[in-house]
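Have a look at structure_14.cif; it's mmCIF, C-alpha atoms:
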```cif
data_my_file
#
loop_
_atom_site.group_PDB
_atom_site.id
_atom_site.type_symbol
_atom_site.label_atom_id
_atom_site.label_comp_id
_atom_site.auth_asym_id
_atom_site.auth_seq_id
_atom_site.Cartn_x
_atom_site.Cartn_y
_atom_site.Cartn_z
ATOM 1 C CA MET I 25 10.986 21.943 6.165
ATOM 2 C CA LYS I 26 12.273 18.650 4.862
ATOM 3 C CA ALA I 27 11.688 15.197 6.319
ATOM 4 C CA PHE I 28 13.730 12.072 5.631
ATOM 5 C CA VAL I 29 12.027 8.734 6.215
ATOM 6 C CA TYR I 30 13.991 5.480 6.165
ATOM 7 C CA VAL I 31 11.977 2.284 5.842
ATOM 8 C CA SER I 32 13.732 -1.027 6.385
ATOM 9 C CA LEU I 33 12.703 -4.635 6.798
ATOM 10 C CA LYS I 34 12.411 -5.775 10.405
ATOM 11 C CA LYS I 35 15.466 -7.633 11.629
ATOM 12 C CA SER I 36 13.444 -10.865 11.814
ATOM 13 C CA VAL I 37 12.454 -10.671 8.136
ATOM 14 C CA LEU I 38 14.670 -12.253 5.477
ATOM 15 C CA ASP I 39 16.032 -9.810 2.907
ATOM 16 C CA PRO I 40 16.782 -11.756 -0.296
ATOM 17 C CA GLN I 41 17.646 -8.577 -2.221
ATOM 18 C CA GLY I 42 20.262 -7.643 0.364
ATOM 19 C CA LYS I 43 21.629 -11.185 0.331
ATOM 20 C CA THR I 44 21.961 -11.050 -3.449
ATOM 21 C CA ILE I 45 23.928 -7.811 -3.244
ATOM 22 C CA GLN I 46 26.117 -9.280 -0.523
ATOM 23 C CA GLY I 47 26.773 -12.363 -2.696
ATOM 24 C CA ALA I 48 27.670 -10.169 -5.659
ATOM 25 C CA LEU I 49 30.047 -8.068 -3.556
ATOM 26 C CA LYS I 50 31.728 -11.220 -2.237
ATOM 27 C CA LYS I 51 32.281 -12.494 -5.772
ATOM 28 C CA MET I 52 33.705 -9.099 -6.724
ATOM 29 C CA GLY I 53 36.294 -9.423 -3.976
ATOM 30 C CA TYR I 54 34.843 -7.315 -1.160
ATOM 31 C CA LYS I 55 35.724 -9.779 1.596
ATOM 32 C CA THR I 56 35.017 -7.400 4.463
ATOM 33 C CA VAL I 57 31.269 -7.120 3.820
ATOM 34 C CA SER I 58 29.452 -9.461 6.202
ATOM 35 C CA ASP I 59 25.870 -8.359 5.647
ATOM 36 C CA VAL I 60 23.793 -6.079 3.403
ATOM 37 C CA ARG I 61 20.193 -5.041 3.956
ATOM 38 C CA GLN I 62 18.192 -2.902 1.583
ATOM 39 C CA GLY I 63 15.468 -0.454 2.449
ATOM 40 C CA LYS I 64 13.618 2.531 1.056
ATOM 41 C CA TYR I 65 14.248 6.161 1.593
ATOM 42 C CA PHE I 66 11.871 9.102 1.153
ATOM 43 C CA GLU I 67 12.506 12.843 1.040
ATOM 44 C CA ILE I 68 9.342 14.720 1.925
ATOM 45 C CA GLN I 69 9.219 18.463 1.344
ATOM 46 C CA LEU I 70 6.780 20.167 3.707
ATOM 47 C CA ASP I 71 5.443 23.721 3.453
ATOM 48 C CA ASN I 72 7.729 26.147 5.234
ATOM 49 C CA GLY I 73 4.878 27.557 7.352
ATOM 50 C CA ILE I 74 4.576 24.338 9.328
ATOM 51 C CA ASP I 75 6.122 24.196 12.831
ATOM 52 C CA GLN I 76 8.403 21.450 14.175
ATOM 53 C CA ALA I 77 5.791 19.683 16.347
ATOM 54 C CA GLU I 78 3.154 19.677 13.600
ATOM 55 C CA ALA I 79 5.712 18.417 11.079
ATOM 56 C CA LYS I 80 6.713 15.609 13.439
ATOM 57 C CA THR I 81 3.101 14.491 13.886
ATOM 58 C CA GLN I 82 2.399 14.584 10.146
ATOM 59 C CA VAL I 83 5.563 12.784 9.102
ATOM 60 C CA GLU I 84 5.072 10.048 11.709
ATOM 61 C CA LYS I 85 1.515 9.545 10.518
ATOM 62 C CA ILE I 86 2.541 9.453 6.845
ATOM 63 C CA ALA I 87 5.393 7.045 7.560
ATOM 64 C CA ARG I 88 3.199 4.733 9.621
ATOM 65 C CA GLU I 89 0.092 4.754 7.447
ATOM 66 C CA VAL I 90 1.411 5.143 3.917
ATOM 67 C CA LEU I 91 5.104 4.385 3.558
ATOM 68 C CA THR I 92 5.510 1.388 5.845
ATOM 69 C CA ASN I 93 3.988 -2.081 5.877
ATOM 70 C CA PRO I 94 3.883 -2.616 9.660
ATOM 71 C CA VAL I 95 3.833 -6.413 9.344
ATOM 72 C CA ILE I 96 7.331 -6.643 7.915
ATOM 73 C CA GLU I 97 8.821 -3.137 7.983
ATOM 74 C CA GLU I 98 9.888 -0.497 10.462
ATOM 75 C CA PHE I 99 10.793 3.154 9.945
ATOM 76 C CA GLN I 100 12.977 5.919 11.275
ATOM 77 C CA TYR I 101 12.798 9.565 10.330
ATOM 78 C CA SER I 102 14.564 12.849 10.775
ATOM 79 C CA LEU I 103 13.544 16.472 10.178
ATOM 80 C CA GLU I 104 15.715 19.223 8.795
ATOM 81 C CA MET R 12 31.525 -1.127 11.532
ATOM 82 C CA LYS R 13 28.289 -0.271 9.783
ATOM 83 C CA ALA R 14 27.833 1.859 6.688
ATOM 84 C CA PHE R 15 24.614 3.515 5.545
ATOM 85 C CA VAL R 16 24.331 4.366 1.862
ATOM 86 C CA TYR R 17 21.498 6.513 0.535
ATOM 87 C CA VAL R 18 20.898 6.443 -3.202
ATOM 88 C CA SER R 19 18.537 8.980 -4.713
ATOM 89 C CA LEU R 20 17.609 10.135 -8.188
ATOM 90 C CA LYS R 21 19.457 13.223 -9.357
ATOM 91 C CA LYS R 22 17.450 16.416 -8.941
ATOM 92 C CA SER R 23 17.186 16.747 -12.722
ATOM 93 C CA VAL R 24 15.578 13.310 -13.100
ATOM 94 C CA LEU R 25 11.801 12.934 -12.891
ATOM 95 C CA ASP R 26 10.601 10.687 -10.060
ATOM 96 C CA PRO R 27 7.172 9.287 -11.030
ATOM 97 C CA GLN R 28 7.046 7.029 -7.963
ATOM 98 C CA GLY R 29 7.556 10.005 -5.660
ATOM 99 C CA LYS R 30 4.929 11.992 -7.577
ATOM 100 C CA THR R 31 2.437 9.144 -7.178
ATOM 101 C CA ILE R 32 3.006 9.076 -3.413
ATOM 102 C CA GLN R 33 2.643 12.839 -3.275
ATOM 103 C CA GLY R 34 -0.632 12.644 -5.211
ATOM 104 C CA ALA R 35 -1.936 9.951 -2.870
ATOM 105 C CA LEU R 36 -1.002 11.994 0.200
ATOM 106 C CA LYS R 37 -2.753 15.044 -1.235
ATOM 107 C CA LYS R 38 -5.931 13.029 -1.808
ATOM 108 C CA MET R 39 -5.691 11.732 1.767
ATOM 109 C CA GLY R 40 -5.703 15.289 3.055
ATOM 110 C CA TYR R 41 -2.016 15.984 3.721
ATOM 111 C CA LYS R 42 -2.059 19.497 2.281
ATOM 112 C CA THR R 43 1.345 20.498 3.620
ATOM 113 C CA VAL R 44 3.337 18.015 1.517
ATOM 114 C CA SER R 45 4.733 19.849 -1.487
ATOM 115 C CA ASP R 46 7.105 17.204 -2.860
ATOM 116 C CA VAL R 47 8.095 13.569 -2.324
ATOM 117 C CA ARG R 48 11.115 11.811 -3.755
ATOM 118 C CA GLN R 49 11.919 8.156 -3.287
ATOM 119 C CA GLY R 50 15.323 6.560 -3.077
ATOM 120 C CA LYS R 51 17.062 3.423 -1.871
ATOM 121 C CA TYR R 52 18.830 2.824 1.354
ATOM 122 C CA PHE R 53 21.456 0.184 2.184
ATOM 123 C CA GLU R 54 22.864 -0.972 5.497
ATOM 124 C CA ILE R 55 26.262 -2.571 4.966
ATOM 125 C CA GLN R 56 27.833 -4.483 7.839
ATOM 126 C CA LEU R 57 31.639 -4.482 7.592
ATOM 127 C CA ASP R 58 34.052 -6.682 9.546
ATOM 128 C CA ASN R 59 35.002 -5.035 12.817
ATOM 129 C CA GLY R 60 38.733 -5.350 12.096
ATOM 130 C CA ILE R 61 38.556 -2.746 9.326
ATOM 131 C CA ASP R 62 39.738 0.811 10.084
ATOM 132 C CA GLN R 63 37.830 4.020 9.320
ATOM 133 C CA ALA R 64 39.868 5.078 6.273
ATOM 134 C CA GLU R 65 39.751 1.625 4.688
ATOM 135 C CA ALA R 66 35.997 1.401 5.361
ATOM 136 C CA LYS R 67 35.467 4.778 3.743
ATOM 137 C CA THR R 68 37.367 3.731 0.605
ATOM 138 C CA GLN R 69 35.498 0.439 0.334
ATOM 139 C CA VAL R 70 32.036 1.877 0.929
ATOM 140 C CA GLU R 71 32.598 4.688 -1.573
ATOM 141 C CA LYS R 72 33.740 2.166 -4.163
ATOM 142 C CA ILE R 73 30.786 -0.154 -3.497
ATOM 143 C CA ALA R 74 28.305 2.729 -3.621
ATOM 144 C CA ARG R 75 29.753 4.111 -6.850
ATOM 145 C CA GLU R 76 30.280 0.841 -8.703
ATOM 146 C CA VAL R 77 27.478 -1.395 -7.494
ATOM 147 C CA LEU R 78 24.663 0.455 -5.772
ATOM 148 C CA THR R 79 24.341 3.554 -7.939
ATOM 149 C CA ASN R 80 23.554 4.115 -11.580
ATOM 150 C CA PRO R 81 25.709 7.208 -12.176
ATOM 151 C CA VAL R 82 23.647 8.352 -15.165
ATOM 152 C CA ILE R 83 20.533 9.071 -13.118
ATOM 153 C CA GLU R 84 21.420 8.562 -9.466
ATOM 154 C CA GLU R 85 23.658 10.051 -6.802
ATOM 155 C CA PHE R 86 24.611 8.738 -3.367
ATOM 156 C CA GLN R 87 25.503 9.837 0.119
ATOM 157 C CA TYR R 88 26.843 7.652 2.895
ATOM 158 C CA SER R 89 27.697 7.662 6.544
ATOM 159 C CA LEU R 90 29.764 5.327 8.732
ATOM 160 C CA GLU R 91 28.977 4.310 12.269
#
```
Produce structure tokens that represent the structure in this file.
Amino acid sequence: MKAFVYVSLKKSVLDPQGKTIQGALKKMGYKTVSDVRQGKYFEIQLDNGIDQAEAKTQVEKIAREVLTNPVIEEFQYSLE
Amino acid sequence: MKAFVYVSLKKSVLDPQGKTIQGALKKMGYKTVSDVRQGKYFEIQLDNGIDQAEAKTQVEKIAREVLTNPVIEEFQYSLE
């Protein structure tokens, strides 16, 4: 089973890296881009023996405790 | 319209950052995690006037030319 975890900065937190990319895109002529935010993305391969509920619990715990800084970041995940 | 671009290292490229996370998880007792790979994730806000086909073209171009290093990385994207 594979889990995908997406970690992004909370909406209230400034994202200078995203702003830089947005500025660069503007200069390059992409006028339609009004905002860019950057985050992190993790692919976690779990043993195939694990069931859906157990996988969900584990991935949530990993995302919350290891991959995310709860002060400034939030996460979403999906299982496949 | 919002675009989500996921940039990850090609399968053939070593991912030391992912390996480090995997090692840490193993030490913490997560025995079911057999692999971790890290990538980047971008949320791109496009002007609402833009149509689906135009958005697709633009986002593909941005992902290929700006967000991805084609030598070692590959990307996927979705529109919403």
As a short mmCIF file (atom, residue, chain, number, x, y, z; two decimals) with C-alpha atoms, in the frame of the given file, please: the residues near Gly29 in chain R (cut-off 7 Å, all atoms listed in the file, same-chain neighbours under 5 positions excluded).
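result08.cif was written with the following content:
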```cif
data_model
loop_
_atom_site.label_atom_id
_atom_site.label_comp_id
_atom_site.auth_asym_id
_atom_site.auth_seq_id
_atom_site.Cartn_x
_atom_site.Cartn_y
_atom_site.Cartn_z
CA VAL R 47 8.10 13.57 -2.32
CA ARG R 48 11.12 11.81 -3.76
CA GLN R 49 11.92 8.16 -3.29
#
```
- Message: Can you spell out as a ChimeraX atom specification the set of residues that the PyMOL selection byres ((chain I) within 9 of (chain R)) selects in the structure I just provided?
- Response: /I:30-32,42,45-46,48-49,54-74,79,82,86,90-91
- To one decimal place, how far is CA of Leu25 in chain R from CA of Ala87 in chain I in Å? 22.2 Å
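We find CA of Pro40 in chain I and CA of Glu89 in chain I to be spaced 24.7 Å apart.
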Can I have chain I aligned to chain R? Use a least-squares fit on all Cα atoms paired in order and write it out as a PDB file with C-alpha atoms, in the coordinates of the input.
```pdb
ATOM      1  CA  MET I  25      31.528  -1.126  11.537  1.00  0.00           C
ATOM      2  CA  LYS I  26      28.296  -0.273   9.799  1.00  0.00           C
ATOM      3  CA  ALA I  27      27.830   1.861   6.697  1.00  0.00           C
ATOM      4  CA  PHE I  28      24.611   3.509   5.545  1.00  0.00           C
ATOM      5  CA  VAL I  29      24.330   4.359   1.859  1.00  0.00           C
ATOM      6  CA  TYR I  30      21.491   6.515   0.541  1.00  0.00           C
ATOM      7  CA  VAL I  31      20.904   6.448  -3.204  1.00  0.00           C
ATOM      8  CA  SER I  32      18.531   8.984  -4.713  1.00  0.00           C
ATOM      9  CA  LEU I  33      17.604  10.138  -8.185  1.00  0.00           C
ATOM     10  CA  LYS I  34      19.457  13.237  -9.351  1.00  0.00           C
ATOM     11  CA  LYS I  35      17.454  16.413  -8.931  1.00  0.00           C
ATOM     12  CA  SER I  36      17.170  16.752 -12.722  1.00  0.00           C
ATOM     13  CA  VAL I  37      15.570  13.310 -13.093  1.00  0.00           C
ATOM     14  CA  LEU I  38      11.789  12.929 -12.881  1.00  0.00           C
ATOM     15  CA  ASP I  39      10.590  10.690 -10.056  1.00  0.00           C
ATOM     16  CA  PRO I  40       7.170   9.287 -11.028  1.00  0.00           C
ATOM     17  CA  GLN I  41       7.040   7.029  -7.956  1.00  0.00           C
ATOM     18  CA  GLY I  42       7.544  10.009  -5.662  1.00  0.00           C
ATOM     19  CA  LYS I  43       4.931  11.987  -7.578  1.00  0.00           C
ATOM     20  CA  THR I  44       2.443   9.148  -7.169  1.00  0.00           C
ATOM     21  CA  ILE I  45       3.007   9.084  -3.416  1.00  0.00           C
ATOM     22  CA  GLN I  46       2.651  12.853  -3.270  1.00  0.00           C
ATOM     23  CA  GLY I  47      -0.639  12.632  -5.216  1.00  0.00           C
ATOM     24  CA  ALA I  48      -1.928   9.946  -2.866  1.00  0.00           C
ATOM     25  CA  LEU I  49      -0.997  11.995   0.204  1.00  0.00           C
ATOM     26  CA  LYS I  50      -2.762  15.041  -1.246  1.00  0.00           C
ATOM     27  CA  LYS I  51      -5.934  13.030  -1.807  1.00  0.00           C
ATOM     28  CA  MET I  52      -5.687  11.731   1.758  1.00  0.00           C
ATOM     29  CA  GLY I  53      -5.693  15.295   3.048  1.00  0.00           C
ATOM     30  CA  TYR I  54      -2.012  15.984   3.720  1.00  0.00           C
ATOM     31  CA  LYS I  55      -2.056  19.498   2.272  1.00  0.00           C
ATOM     32  CA  THR I  56       1.345  20.499   3.618  1.00  0.00           C
ATOM     33  CA  VAL I  57       3.338  18.018   1.517  1.00  0.00           C
ATOM     34  CA  SER I  58       4.745  19.845  -1.506  1.00  0.00           C
ATOM     35  CA  ASP I  59       7.105  17.209  -2.862  1.00  0.00           C
ATOM     36  CA  VAL I  60       8.096  13.566  -2.317  1.00  0.00           C
ATOM     37  CA  ARG I  61      11.125  11.812  -3.763  1.00  0.00           C
ATOM     38  CA  GLN I  62      11.919   8.159  -3.277  1.00  0.00           C
ATOM     39  CA  GLY I  63      15.321   6.562  -3.083  1.00  0.00           C
ATOM     40  CA  LYS I  64      17.058   3.435  -1.866  1.00  0.00           C
ATOM     41  CA  TYR I  65      18.828   2.816   1.350  1.00  0.00           C
ATOM     42  CA  PHE I  66      21.454   0.187   2.179  1.00  0.00           C
ATOM     43  CA  GLU I  67      22.871  -0.979   5.502  1.00  0.00           C
ATOM     44  CA  ILE I  68      26.264  -2.569   4.975  1.00  0.00           C
ATOM     45  CA  GLN I  69      27.847  -4.480   7.839  1.00  0.00           C
ATOM     46  CA  LEU I  70      31.639  -4.488   7.591  1.00  0.00           C
ATOM     47  CA  ASP I  71      34.061  -6.680   9.543  1.00  0.00           C
ATOM     48  CA  ASN I  72      35.009  -5.050  12.818  1.00  0.00           C
ATOM     49  CA  GLY I  73      38.748  -5.345  12.089  1.00  0.00           C
ATOM     50  CA  ILE I  74      38.552  -2.751   9.334  1.00  0.00           C
ATOM     51  CA  ASP I  75      39.734   0.813  10.097  1.00  0.00           C
ATOM     52  CA  GLN I  76      37.827   4.028   9.337  1.00  0.00           C
ATOM     53  CA  ALA I  77      39.868   5.079   6.273  1.00  0.00           C
ATOM     54  CA  GLU I  78      39.740   1.616   4.695  1.00  0.00           C
ATOM     55  CA  ALA I  79      36.000   1.394   5.369  1.00  0.00           C
ATOM     56  CA  LYS I  80      35.465   4.786   3.737  1.00  0.00           C
ATOM     57  CA  THR I  81      37.357   3.747   0.601  1.00  0.00           C
ATOM     58  CA  GLN I  82      35.495   0.437   0.332  1.00  0.00           C
ATOM     59  CA  VAL I  83      32.042   1.874   0.923  1.00  0.00           C
ATOM     60  CA  GLU I  84      32.594   4.687  -1.588  1.00  0.00           C
ATOM     61  CA  LYS I  85      33.740   2.165  -4.167  1.00  0.00           C
ATOM     62  CA  ILE I  86      30.788  -0.159  -3.506  1.00  0.00           C
ATOM     63  CA  ALA I  87      28.314   2.724  -3.629  1.00  0.00           C
ATOM     64  CA  ARG I  88      29.763   4.100  -6.856  1.00  0.00           C
ATOM     65  CA  GLU I  89      30.287   0.840  -8.720  1.00  0.00           C
ATOM     66  CA  VAL I  90      27.489  -1.405  -7.504  1.00  0.00           C
ATOM     67  CA  LEU I  91      24.665   0.443  -5.786  1.00  0.00           C
ATOM     68  CA  THR I  92      24.348   3.551  -7.935  1.00  0.00           C
ATOM     69  CA  ASN I  93      23.549   4.109 -11.596  1.00  0.00           C
ATOM     70  CA  PRO I  94      25.702   7.213 -12.176  1.00  0.00           C
ATOM     71  CA  VAL I  95      23.637   8.357 -15.167  1.00  0.00           C
ATOM     72  CA  ILE I  96      20.528   9.074 -13.131  1.00  0.00           C
ATOM     73  CA  GLU I  97      21.426   8.565  -9.463  1.00  0.00           C
ATOM     74  CA  GLU I  98      23.649  10.052  -6.798  1.00  0.00           C
ATOM     75  CA  PHE I  99      24.607   8.739  -3.367  1.00  0.00           C
ATOM     76  CA  GLN I 100      25.505   9.839   0.121  1.00  0.00           C
ATOM     77  CA  TYR I 101      26.846   7.651   2.884  1.00  0.00           C
ATOM     78  CA  SER I 102      27.703   7.657   6.540  1.00  0.00           C
ATOM     79  CA  LEU I 103      29.755   5.330   8.752  1.00  0.00           C
ATOM     80  CA  GLU I 104      28.963   4.308  12.291  1.00  0.00           C
TER      81      GLU I 104
END
```
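The coordinates place CA of Asp26 in chain R at 18.6 Å from CA of Lys38 in chain R.
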